[in-house]
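Data from structure-v1.tsv: TSV, C-alpha atoms
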chain	number	residue	atom	x	y	z
A	1	MET	CA	0.00	0.00	0.00
A	2	THR	CA	2.98	2.32	-0.23
A	3	SER	CA	2.73	5.17	-2.69
A	4	ASP	CA	4.60	8.28	-3.71
A	5	HIS	CA	1.37	10.21	-3.30
A	6	PRO	CA	0.08	11.36	0.06
A	7	VAL	CA	-2.96	9.50	1.37
A	8	ASP	CA	-6.21	11.43	1.25
A	9	ARG	CA	-7.63	10.58	4.66
A	10	ARG	CA	-11.02	11.96	3.77
A	11	THR	CA	-11.74	9.17	1.35
A	12	HIS	CA	-9.12	6.45	1.49
A	13	VAL	CA	-10.91	3.80	3.55
A	14	SER	CA	-14.25	4.46	1.88
A	15	ASP	CA	-12.48	4.27	-1.51
A	16	TYR	CA	-11.44	0.71	-0.68
A	17	PHE	CA	-15.11	-0.27	-0.40
A	18	ARG	CA	-16.00	2.04	-3.32
A	19	LEU	CA	-18.71	3.80	-1.36
A	20	GLU	CA	-20.75	6.25	-3.41
A	21	ARG	CA	-22.56	8.92	-1.35
A	22	TRP	CA	-25.17	11.55	-1.98
A	23	GLU	CA	-26.80	14.08	0.28
A	24	LEU	CA	-30.59	14.16	0.59
A	25	PRO	CA	-31.38	17.68	1.77
A	26	SER	CA	-34.17	17.93	4.28
A	27	ASP	CA	-37.50	19.26	3.12
A	28	GLY	CA	-37.81	20.87	6.53
A	29	GLY	CA	-35.42	23.68	5.72
A	30	ASP	CA	-31.95	24.39	7.06
A	31	GLU	CA	-33.01	23.63	10.62
A	32	ARG	CA	-33.39	19.94	9.81
A	33	PRO	CA	-30.26	17.89	9.10
A	34	SER	CA	-29.81	16.21	5.76
A	35	SER	CA	-30.08	12.49	5.23
A	36	PHE	CA	-27.64	10.53	3.09
A	37	GLY	CA	-27.84	7.76	0.58
A	38	GLY	CA	-24.97	5.47	-0.31
A	39	ARG	CA	-24.20	2.58	-2.58
A	40	ALA	CA	-21.29	0.13	-2.61
A	41	PRO	CA	-20.62	-2.81	-4.92
A	42	ILE	CA	-19.25	-6.01	-3.45
A	43	ASP	CA	-16.04	-6.89	-5.20
A	44	ASP	CA	-15.07	-10.56	-5.02
A	45	HIS	CA	-11.99	-9.97	-2.87
A	46	GLN	CA	-14.17	-8.29	-0.24
A	47	ARG	CA	-16.58	-11.19	0.25
A	48	GLY	CA	-16.38	-13.08	3.51
A	49	ALA	CA	-17.33	-16.56	4.64
A	50	GLY	CA	-21.01	-15.63	4.67
A	51	GLY	CA	-20.93	-15.03	0.92
A	52	GLY	CA	-21.47	-11.28	1.04
A	53	LEU	CA	-19.58	-8.24	2.19
A	54	ARG	CA	-18.02	-9.27	5.47
A	55	THR	CA	-19.42	-7.53	8.50
A	56	GLY	CA	-16.25	-5.53	9.13
A	57	GLY	CA	-16.70	-4.01	5.67
A	58	LEU	CA	-20.37	-3.39	6.27
A	59	LEU	CA	-19.53	-1.60	9.52
A	60	THR	CA	-16.83	0.42	7.78
A	61	ASN	CA	-19.34	1.70	5.25
A	62	LEU	CA	-21.86	2.41	8.02
A	63	ASP	CA	-19.24	4.32	9.98
A	64	THR	CA	-18.18	6.29	6.92
A	65	LEU	CA	-21.68	7.22	5.80
A	66	GLY	CA	-23.09	7.73	9.29
A	67	GLY	CA	-20.07	9.73	10.35
A	68	PHE	CA	-20.34	12.06	7.39
A	69	THR	CA	-24.08	12.47	7.89
A	70	SER	CA	-23.52	13.27	11.55
A	71	GLY	CA	-20.65	15.61	10.77
A	72	LEU	CA	-22.69	17.72	8.39
A	73	ALA	CA	-25.40	17.92	11.05
A	74	ALA	CA	-22.80	19.20	13.51
A	75	LEU	CA	-21.25	21.93	11.33
A	76	PRO	CA	-19.37	24.19	11.94
A	77	ARG	CA	-18.03	21.61	14.36
A	78	TRP	CA	-17.30	17.98	13.49
A	79	ILE	CA	-17.70	14.56	15.07
A	80	VAL	CA	-16.04	11.37	16.20
A	81	THR	CA	-17.89	8.07	16.45
A	82	THR	CA	-18.52	6.95	20.02
A	83	SER	CA	-20.66	3.88	19.47
A	84	LEU	CA	-21.95	1.71	16.65
A	85	LEU	CA	-24.71	-0.85	17.22
A	86	ALA	CA	-25.51	-3.07	14.25
A	87	THR	CA	-27.84	-5.98	13.78
A	88	VAL	CA	-27.17	-7.97	10.61
A	89	SER	CA	-30.05	-9.91	9.12
A	90	GLU	CA	-28.33	-11.25	6.00
A	91	LEU	CA	-24.71	-12.30	5.43
A	92	ASP	CA	-25.05	-13.46	1.83
A	93	HIS	CA	-25.39	-10.53	-0.57
A	94	VAL	CA	-25.69	-10.15	-4.31
A	95	GLY	CA	-24.82	-6.47	-4.33
A	96	PRO	CA	-24.59	-3.62	-4.72
A	97	LEU	CA	-25.62	-2.66	-1.23
A	98	ARG	CA	-27.63	0.52	-0.75
A	99	PHE	CA	-27.33	2.53	2.43
A	100	ARG	CA	-29.47	5.18	4.06
A	101	ALA	CA	-28.53	7.39	7.01
A	102	ASP	CA	-30.93	9.64	8.92
A	103	VAL	CA	-30.14	11.83	11.90
A	104	VAL	CA	-32.59	10.99	14.67
A	105	ARG	CA	-31.21	13.35	17.31
A	106	ARG	CA	-28.86	16.31	17.17
A	107	GLY	CA	-27.96	17.66	20.60
A	108	ARG	CA	-25.37	20.14	21.84
A	109	SER	CA	-22.72	17.48	22.36
A	110	SER	CA	-23.81	14.46	20.35
A	111	VAL	CA	-25.53	13.28	17.19
A	112	VAL	CA	-27.41	9.99	16.85
A	113	THR	CA	-27.94	8.52	13.39
A	114	ALA	CA	-30.04	5.57	12.24
A	115	LEU	CA	-28.71	3.53	9.34
A	116	ASP	CA	-30.26	0.93	7.12
A	117	VAL	CA	-28.82	-1.36	4.44
A	118	VAL	CA	-30.56	-3.32	1.69
A	119	ASP	CA	-29.28	-5.56	-1.08
A	120	GLU	CA	-30.21	-3.96	-4.40
A	121	GLY	CA	-29.24	-7.10	-6.27
A	122	ALA	CA	-31.67	-9.19	-4.22
A	123	ALA	CA	-34.83	-7.11	-4.65
A	124	ASP	CA	-33.88	-4.79	-1.78
A	125	ARG	CA	-33.72	-7.62	0.74
A	126	HIS	CA	-32.85	-6.22	4.15
A	127	VAL	CA	-29.21	-6.62	5.20
A	128	ALA	CA	-28.61	-4.60	8.36
A	129	ALA	CA	-29.85	-1.87	10.66
A	130	ALA	CA	-27.61	0.20	12.87
A	131	THR	CA	-27.59	3.03	15.35
A	132	MET	CA	-24.55	5.26	15.58
A	133	THR	CA	-23.68	7.81	18.24
A	134	CYS	CA	-21.15	10.56	17.65
A	135	ALA	CA	-19.62	13.16	19.93
A	136	ILE	CA	-19.37	16.73	18.61
A	137	LEU	CA	-15.90	18.24	18.84
A	138	ASP	CA	-14.02	21.39	17.86
A	139	PRO	CA	-12.57	20.58	14.41
A	140	ARG	CA	-9.44	22.65	15.05
A	141	ALA	CA	-7.54	22.92	11.77
A	142	MET	CA	-9.64	20.41	9.86
A	143	VAL	CA	-10.92	21.81	6.57
A	144	LEU	CA	-14.70	21.49	6.44
A	145	ASP	CA	-15.52	23.04	3.11
A	146	PHE	CA	-18.08	20.95	1.23
A	147	ALA	CA	-20.11	21.73	-1.86
A	148	ARG	CA	-23.77	21.21	-0.94
A	149	PRO	CA	-25.67	19.12	-1.59
A	150	PHE	CA	-22.66	16.87	-1.22
A	151	SER	CA	-22.08	13.92	-3.50
A	152	LEU	CA	-19.20	11.59	-4.17
A	153	ALA	CA	-19.15	9.26	-7.16
A	154	MET	CA	-18.39	5.58	-6.81
A	155	PRO	CA	-14.61	5.10	-6.92
A	156	PRO	CA	-13.32	2.80	-9.67
A	157	PRO	CA	-12.30	-0.80	-8.99
A	158	GLN	CA	-8.80	-1.28	-7.65
A	159	ALA	CA	-6.28	-2.30	-10.25
A	160	ASP	CA	-4.48	-4.55	-7.79
A	161	PRO	CA	-7.08	-5.58	-5.21
A	162	VAL	CA	-6.05	-6.91	-1.83
A	163	ARG	CA	-8.12	-8.74	0.76
A	164	PRO	CA	-9.55	-6.67	3.62
A	165	GLU	CA	-7.20	-8.28	6.14
A	166	GLU	CA	-4.26	-7.03	4.09
A	167	PHE	CA	-5.67	-3.57	3.38
A	168	PHE	CA	-6.43	-3.09	7.07
A	169	CYS	CA	-2.98	-4.37	8.05
A	170	ILE	CA	-4.28	-7.18	10.23
A	171	GLU	CA	-1.48	-9.58	11.05
A	172	PRO	CA	-1.98	-13.27	10.25
A	173	GLY	CA	-2.62	-15.50	13.21
A	174	ALA	CA	-5.03	-17.54	15.25
A	175	GLY	CA	-6.41	-17.57	18.77
A	176	PRO	CA	-7.92	-14.97	21.09
A	177	VAL	CA	-5.53	-12.08	20.32
A	178	THR	CA	-5.32	-10.36	16.93
A	179	ARG	CA	-3.08	-7.44	15.99
A	180	LEU	CA	-3.40	-4.57	13.52
A	181	ARG	CA	-0.54	-2.37	12.41
A	182	LEU	CA	-1.50	1.30	12.38
A	183	ALA	CA	-0.56	2.24	8.83
A	184	ASP	CA	-1.03	5.81	7.65
A	185	GLN	CA	-3.81	4.96	5.20
A	186	LEU	CA	-5.95	3.72	8.09
A	187	ARG	CA	-6.05	7.09	9.83
A	188	ASN	CA	-9.10	9.31	9.43
A	189	PRO	CA	-9.07	13.12	9.03
A	190	TRP	CA	-8.53	13.45	12.79
A	191	GLY	CA	-5.31	11.49	12.35
A	192	ILE	CA	-6.60	8.58	14.43
A	193	LEU	CA	-7.47	5.03	13.43
A	194	HIS	CA	-10.64	4.94	11.32
A	195	GLY	CA	-13.61	3.45	13.15
A	196	GLY	CA	-14.11	1.06	10.27
A	197	ALA	CA	-10.63	-0.33	10.76
A	198	VAL	CA	-11.46	-0.94	14.40
A	199	ALA	CA	-14.61	-2.73	13.27
A	200	MET	CA	-12.72	-4.86	10.76
A	201	LEU	CA	-10.24	-5.81	13.48
A	202	ALA	CA	-13.10	-6.73	15.81
A	203	ASP	CA	-14.69	-8.87	13.08
A	204	GLU	CA	-11.50	-10.79	12.32
A	205	ALA	CA	-10.49	-11.14	15.97
A	206	ALA	CA	-13.90	-12.44	17.05
A	207	CYS	CA	-13.94	-15.07	14.30
A	208	ARG	CA	-10.44	-16.25	15.18
A	209	ALA	CA	-11.29	-16.39	18.87
A	210	ALA	CA	-14.49	-18.33	18.22
A	211	ALA	CA	-12.63	-20.80	16.02
A	212	ALA	CA	-9.92	-21.28	18.64
A	213	HIS	CA	-12.58	-21.83	21.27
A	214	GLY	CA	-14.09	-24.65	19.24
A	215	ALA	CA	-17.16	-22.85	18.02
A	216	ASP	CA	-19.32	-24.89	15.71
A	217	ALA	CA	-17.82	-24.30	12.26
A	218	SER	CA	-19.65	-27.20	10.68
A	219	GLY	CA	-21.15	-25.05	7.96
A	220	PRO	CA	-19.57	-25.30	4.53
A	221	ASN	CA	-17.81	-21.96	4.83
A	222	GLY	CA	-16.74	-21.76	8.46
A	223	LEU	CA	-17.44	-18.75	10.67
A	224	ALA	CA	-18.57	-15.20	10.00
A	225	ALA	CA	-19.24	-12.18	12.19
A	226	ALA	CA	-22.77	-10.78	12.29
A	227	ASP	CA	-24.27	-8.49	14.97
A	228	ALA	CA	-21.81	-6.15	16.61
A	229	VAL	CA	-21.76	-3.52	19.32
A	230	LEU	CA	-18.70	-1.29	19.48
A	231	HIS	CA	-18.08	1.44	22.02
A	232	TYR	CA	-15.26	3.69	20.92
A	233	LEU	CA	-13.84	4.84	24.25
A	234	ARG	CA	-10.66	6.62	23.21
A	235	PRO	CA	-8.88	7.44	19.95
A	236	VAL	CA	-6.19	5.12	18.61
A	237	LYS	CA	-3.12	7.25	18.01
A	238	VAL	CA	0.00	5.11	18.19
A	239	GLY	CA	-0.45	1.39	17.57
A	240	PRO	CA	0.05	-1.45	17.15
A	241	VAL	CA	-3.53	-2.22	18.04
A	242	GLU	CA	-4.46	-5.44	19.76
A	243	ALA	CA	-7.90	-7.05	19.98
A	244	ARG	CA	-8.22	-9.34	22.99
A	245	CYS	CA	-11.23	-11.61	22.90
A	246	GLN	CA	-13.19	-13.62	25.42
A	247	VAL	CA	-15.70	-16.14	24.17
A	248	LEU	CA	-18.76	-15.82	26.37
A	249	GLY	CA	-20.76	-18.78	25.09
A	250	THR	CA	-22.62	-20.35	22.21
A	251	ARG	CA	-26.36	-20.50	21.79
A	252	ALA	CA	-28.35	-21.69	18.81
A	253	GLY	CA	-25.27	-21.66	16.59
A	254	ARG	CA	-24.30	-18.14	17.58
A	255	THR	CA	-21.14	-17.52	19.57
A	256	SER	CA	-20.92	-14.31	21.59
A	257	VAL	CA	-17.44	-12.82	21.79
A	258	ARG	CA	-16.41	-9.90	23.99
A	259	VAL	CA	-13.72	-7.84	22.27
A	260	ALA	CA	-11.45	-5.41	24.09
A	261	ILE	CA	-9.17	-3.39	21.82
A	262	HIS	CA	-6.01	-1.79	23.16
A	263	ASP	CA	-3.53	0.74	21.76
A	264	VAL	CA	-0.38	-1.10	22.75
A	265	GLY	CA	1.89	1.83	21.97
A	266	ALA	CA	-0.16	4.25	24.07
A	267	GLU	CA	0.47	2.60	27.41
A	268	ASP	CA	-1.75	-0.26	26.35
A	269	ARG	CA	-4.86	1.74	27.08
A	270	MET	CA	-8.23	0.26	26.16
A	271	VAL	CA	-9.65	2.13	23.18
A	272	THR	CA	-12.72	0.13	22.21
A	273	LEU	CA	-14.95	-2.33	24.01
A	274	GLY	CA	-17.58	-4.35	22.25
A	275	SER	CA	-19.21	-7.63	21.48
A	276	VAL	CA	-19.51	-9.54	18.23
A	277	THR	CA	-21.78	-12.45	17.40
A	278	VAL	CA	-20.13	-15.13	15.28
A	279	LEU	CA	-22.19	-17.57	13.19
A	280	ALA	CA	-21.44	-20.87	11.53
A	281	VAL	CA	-22.10	-20.31	7.82
B	1	MET	CA	-39.05	6.30	32.62
B	2	GLN	CA	-36.46	3.98	34.07
B	3	GLY	CA	-34.00	2.48	31.59
B	4	GLY	CA	-34.68	-1.10	32.59
B	5	VAL	CA	-38.38	-0.60	32.02
B	6	ILE	CA	-37.64	0.80	28.58
B	7	ALA	CA	-35.64	-2.34	27.80
B	8	LEU	CA	-38.49	-4.52	28.98
B	9	VAL	CA	-41.03	-2.68	26.85
B	10	ALA	CA	-38.75	-2.90	23.82
B	11	GLU	CA	-38.23	-6.61	24.36
B	12	ALA	CA	-41.97	-7.23	24.57
B	13	ALA	CA	-42.71	-5.11	21.51
B	14	GLY	CA	-39.93	-6.79	19.57
B	15	ALA	CA	-41.08	-10.30	20.48
B	16	GLU	CA	-44.65	-9.46	19.48
B	17	ALA	CA	-43.56	-8.06	16.13
B	18	LEU	CA	-41.16	-10.91	15.36
B	19	GLY	CA	-43.77	-13.48	16.33
B	20	ALA	CA	-46.49	-11.80	14.30
B	21	ALA	CA	-44.24	-11.75	11.23
B	22	ARG	CA	-44.15	-15.56	11.40
B	23	GLY	CA	-47.73	-16.04	12.44
B	24	LEU	CA	-46.72	-16.84	16.01
B	25	ASP	CA	-47.72	-15.51	19.37
B	26	GLY	CA	-45.19	-13.15	20.92
B	27	ASN	CA	-44.60	-15.68	23.70
B	28	ALA	CA	-43.39	-18.17	21.11
B	29	PHE	CA	-40.50	-15.91	20.15
B	30	VAL	CA	-37.49	-15.50	22.41
B	31	VAL	CA	-35.50	-12.27	22.28
B	32	THR	CA	-31.79	-13.09	22.40
B	33	ASP	CA	-30.16	-9.70	21.84
B	34	LEU	CA	-31.04	-6.09	22.55
B	35	GLN	CA	-28.98	-3.13	21.35
B	36	ILE	CA	-30.37	-0.03	23.04
B	37	ALA	CA	-29.70	3.61	22.20
B	38	TYR	CA	-31.29	5.92	24.78
B	39	LEU	CA	-31.88	9.25	23.06
B	40	ALA	CA	-34.21	11.30	25.25
B	41	LEU	CA	-35.93	11.01	28.60
B	42	GLY	CA	-39.46	9.68	28.80
B	43	ARG	CA	-41.11	12.32	30.96
B	44	ILE	CA	-44.83	12.46	30.26
B	45	GLY	CA	-46.26	9.44	28.48
B	46	PRO	CA	-47.98	7.45	27.34
B	47	VAL	CA	-44.99	5.77	25.73
B	48	VAL	CA	-45.83	4.24	22.37
B	49	THR	CA	-43.77	1.61	20.55
B	50	SER	CA	-43.53	0.89	16.87
B	51	ALA	CA	-41.61	-2.01	15.35
B	52	ARG	CA	-40.20	-2.74	11.92
B	53	VAL	CA	-39.28	-6.35	11.20
B	54	LEU	CA	-36.07	-6.53	9.18
B	55	GLY	CA	-35.88	-10.05	7.88
B	56	THR	CA	-36.08	-13.69	8.78
B	57	GLY	CA	-33.31	-16.22	8.39
B	58	PRO	CA	-33.71	-19.87	7.40
B	59	ASP	CA	-33.64	-21.01	11.04
B	60	GLY	CA	-36.36	-18.53	11.93
B	61	ARG	CA	-33.99	-16.03	13.51
B	62	ALA	CA	-35.15	-12.50	12.85
B	63	GLY	CA	-34.44	-8.90	13.72
B	64	ALA	CA	-36.52	-5.81	14.27
B	65	VAL	CA	-36.01	-2.15	15.03
B	66	VAL	CA	-38.25	-0.91	17.84
B	67	GLU	CA	-38.78	2.79	18.48
B	68	LEU	CA	-40.24	4.20	21.69
B	69	ARG	CA	-41.87	7.63	21.57
B	70	ASP	CA	-43.26	9.87	24.29
B	71	ALA	CA	-46.70	10.64	22.91
B	72	GLY	CA	-47.32	13.27	25.57
B	73	ALA	CA	-44.17	15.16	24.59
B	74	GLY	CA	-44.92	15.76	20.94
B	75	ASP	CA	-44.14	12.17	19.98
B	76	ARG	CA	-40.51	12.74	20.86
B	77	LEU	CA	-38.26	9.80	19.97
B	78	MET	CA	-36.96	8.38	23.27
B	79	THR	CA	-35.19	5.18	22.38
B	80	VAL	CA	-34.17	3.08	19.38
B	81	VAL	CA	-33.66	-0.63	20.00
B	82	ASN	CA	-32.31	-3.28	17.66
B	83	VAL	CA	-33.95	-6.55	18.67
B	84	SER	CA	-32.88	-10.04	17.59
B	85	GLY	CA	-34.78	-13.18	18.42
B	86	VAL	CA	-35.49	-16.75	17.56
B	87	PRO	CA	-38.54	-19.01	17.83
B	88	ALA	CA	-38.55	-20.75	21.19
B	89	ALA	CA	-38.70	-24.09	19.43
B	90	VAL	CA	-35.36	-23.37	17.73
B	91	LEU	CA	-33.71	-22.17	20.90
B	92	ALA	CA	-34.78	-25.14	23.02
B	93	GLY	CA	-31.90	-27.44	23.81
B	94	SER	CA	-29.30	-25.38	21.96
B	95	THR	CA	-27.63	-23.64	24.92
B	96	ARG	CA	-24.31	-24.83	26.26

Translate the structure described by the file into structure tokens.
Amino acid sequence: MTSDHPVDRRTHVSDYFRLERWELPSDGGDERPSSFGGRAPIDDHQRGAGGGLRTGGLLTNLDTLGGFTSGLAALPRWIVTTSLLATVSELDHVGPLRFRADVVRRGRSSVVTALDVVDEGAADRHVAAATMTCAILDPRAMVLDFARPFSLAMPPPQADPVRPEEFFCIEPGAGPVTRLRLADQLRNPWGILHGGAVAMLADEAACRAAAAHGADASGPNGLAAADAVLHYLRPVKVGPVEARCQVLGTRAGRTSVRVAIHDVGAEDRMVTLGSVTVLAV
Amino acid sequence: MQGGVIALVAEAAGAEALGAARGLDGNAFVVTDLQIAYLALGRIGPVVTSARVLGTGPDGRAGAVVELRDAGAGDRLMTVVNVSGVPAAVLAGSTR
């Protein structure tokens, strides 16, 4: 992923998933925040064991779209994600996936956004619903100059595609601990690790932990992450980043995994706490 | 309105909606996961729920989004809950 060109942190992670976005201005005037639509294809190298876009990728797109929607609602300030709650109803997707983000609450210090995902290639079959909470912060030197209504075309396919584990710099391994190297392209405009990268790490780590714990992987394709709750407690600034998992139990083919993510280089402080449900697929 | 009560109401509303989507009584559907986002206080009431069923998997597992609104406070959105559940018949005997 090295390049002679500087990484554009505003779009780099969303470019990987080729997320197209368009603003849907409110019909309630300037006092009402805009909604957003989004669309992302599912390239073959991004498909997971469930057959569709793996949940870490789904969460990355939700974080990107929901974060931008929340940020525009917070102008002239900006936001950081503080929690992402997602329930995934379908792991096998035809694609493209269509996203919708609506602000449900805009307070002085936080924005809450509801997100929905359907599979356009499967007659708009429902894929996931999520709720995202963001904290409003002073943007400092961040440039927040957007043409409105905002739109961003779908990025082209990658000429040399890499698997999500490689793009997100997740080290190979097995067992309850999984590491991510904090590469520059994974930082967001705040200069901290993108929330989607944290989600992808949680996805991969939970699946590895469930497999190591002996979770039922009798399905033809193994294990895949589905529902996830992530609480972003602190920013990841240094790295490497380590996801430490505890398998809580298995019920009806679903293994619940508690995931604690630490910034090893920042005095090992806990940065994200969450839970991921892993399914046999 | 106390947060635990909100969770209980959301669970009941979710189970009813998930059961109805499969032609079952709400008691025949077991809620296994709740993801709760508390947005605003419930001060006046009555509190009204609405549920949207998202989809049903091959084993009967299904999800719904339940919203709670304070009807006495201009229908203000209080809480959004993602509910997952499974028919009791599927869940029986599958815990370890």

Just how far from atom CA of Leu34 of chain B is atom CA of Asp102 of chain A, in Å to one decimal? 20.8 Å

Report as a Markdown table the residues of chain A within 8 Å of chain B, each with its shortest atom pair and distance in Å (one decimal), using all atoms listed in the file, ordered by chain and increasing residue number.
| residue | atom | partner | partner_atom | distance |
| --- | --- | --- | --- | --- |
| A:Leu85 | CA | B:Gln35 | CA | 6.4 |
| A:Ala86 | CA | B:Asn82 | CA | 7.6 |
| A:Thr87 | CA | B:Asn82 | CA | 6.5 |
| A:Val88 | CA | B:Gly63 | CA | 8.0 |
| A:Ser89 | CA | B:Gly55 | CA | 6.0 |
| A:Glu90 | CA | B:Gly57 | CA | 7.4 |
| A:Val104 | CA | B:Leu77 | CA | 7.9 |
| A:Arg105 | CA | B:Leu39 | CA | 7.1 |
| A:Val112 | CA | B:Leu39 | CA | 7.7 |
| A:Arg125 | CA | B:Gly55 | CA | 7.8 |
| A:His126 | CA | B:Leu54 | CA | 6.0 |
| A:Val127 | CA | B:Leu54 | CA | 7.9 |
| A:Ala128 | CA | B:Leu54 | CA | 7.7 |
| A:Ala129 | CA | B:Asn82 | CA | 7.6 |
| A:Ala130 | CA | B:Asn82 | CA | 7.6 |
| A:Thr131 | CA | B:Ala37 | CA | 7.2 |
| A:Val229 | CA | B:Gln35 | CA | 7.5 |
| A:Gly249 | CA | B:Arg96 | CA | 7.1 |
| A:Thr250 | CA | B:Arg96 | CA | 6.3 |
| A:Arg251 | CA | B:Thr95 | CA | 4.6 |
| A:Ala252 | CA | B:Ser94 | CA | 4.9 |
| A:Gly253 | CA | B:Ser94 | CA | 7.7 |

Selected residues written out with C-alpha atoms, as a short mmCIF file (atom, residue, chain, number, x, y, z; two decimals), in the coordinates of the input:
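The result, stored in out-v4.cif:
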data_model
loop_
_atom_site.label_atom_id
_atom_site.label_comp_id
_atom_site.auth_asym_id
_atom_site.auth_seq_id
_atom_site.Cartn_x
_atom_site.Cartn_y
_atom_site.Cartn_z
CA LEU A 85 -24.71 -0.85 17.22
CA ALA A 86 -25.51 -3.07 14.25
CA THR A 87 -27.84 -5.98 13.78
CA VAL A 88 -27.17 -7.97 10.61
CA SER A 89 -30.05 -9.91 9.12
CA GLU A 90 -28.33 -11.25 6.00
CA VAL A 104 -32.59 10.99 14.67
CA ARG A 105 -31.21 13.35 17.31
CA VAL A 112 -27.41 9.99 16.85
CA ARG A 125 -33.72 -7.62 0.74
CA HIS A 126 -32.85 -6.22 4.15
CA VAL A 127 -29.21 -6.62 5.20
CA ALA A 128 -28.61 -4.60 8.36
CA ALA A 129 -29.85 -1.87 10.66
CA ALA A 130 -27.61 0.20 12.87
CA THR A 131 -27.59 3.03 15.35
CA VAL A 229 -21.76 -3.52 19.32
CA GLY A 249 -20.76 -18.78 25.09
CA THR A 250 -22.62 -20.35 22.21
CA ARG A 251 -26.36 -20.50 21.79
CA ALA A 252 -28.35 -21.69 18.81
CA GLY A 253 -25.27 -21.66 16.59
#

So which one's closest to Ile79 of chain A, A:Leu273, A:Ala183, A:Leu97, A:Met142? Using all atoms listed in the file, please. A:Met142

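Counting only C-alpha atoms, the residue from B:Asp75, B:Arg69, B:Ala28, B:Ala21 that sits nearest to Thr49 of chain B is B:Arg69.
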
Segment 160-174 of chain A environment, 8 Å, all atoms listed in the file, sequence neighbours closer than 4 positions dropped, as a list of chain:residue names: A:Met1, A:His45, A:Gln46, A:Gly57, A:Thr178, A:Arg179, A:Leu180, A:Arg181, A:Leu182, A:Ala183, A:Leu186, A:Ala197, A:Met200, A:Leu201, A:Glu204, A:Arg208, A:Ala209, A:Ala212

Quick one: distance from atom CA of Asp145 of chain A to atom CA of Arg106 of chain A in Å, one decimal? 20.5 Å

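Once Ala71 of chain B and its same-chain neighbours fewer than 2 positions away are set aside, Gly45, Pro46, Val47, Arg69, Ala73, Gly74 and Asp75 of chain B remain within 6 Å of it when counting all atoms listed in the file.
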
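With all atoms listed in the file as the atoms that count, the residue of B:Ala10, B:Ala89, B:Leu24, B:Met1 with the shortest distance to Ala51 of chain B is B:Ala10.
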
A:Gly66, A:Gly219, A:Pro240, A:Pro25: which is nearest Pro149 of chain A, counting all atoms listed in the file? A:Pro25

Between atom CA of Val118 of chain A and atom CA of His93 of chain A lies a distance of 9.2 Å

Where is the centre and how long are the edges: axis-aligned box on segment 70-76 of chain B, 5 Å on each side, Å to one decimal, as JSON:
{"center_x": -43.9, "center_y": 12.8, "center_z": 22.8, "size_x": 16.8, "size_y": 15.9, "size_z": 15.6}

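Taking only C-alpha atoms into account, the residues near (-26.7, 2.9, 5.9), no farther than 8 Å, are Gly37, Gly38, Asn61, Leu62, Leu65, Gly66, Arg98, Phe99, Arg100, Ala101, Ala114, Leu115, Asp116, Val117, Ala129 and Ala130 of chain A.
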
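Each of B:Val48, B:Val5, B:Leu68, B:Ala13 was compared to Asp25 of chain B using only C-alpha atoms, and B:Ala13 turns out to be the nearest.
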
Would you kindly return, as a compact mmCIF listing (two decimals) with C-alpha atoms, in the frame of the given file, each protein, DNA or RNA residue with an atom no farther than 10 Å from any atom of Glu267 of chain A, considering all atoms listed in the file and excluding same-chain residues fewer than 5 positions away?
# COMPACT_ATOMS: atom_id res chain seq x y z
CA VAL A 238 0.00 5.11 18.19
CA GLY A 239 -0.45 1.39 17.57
CA HIS A 262 -6.01 -1.79 23.16
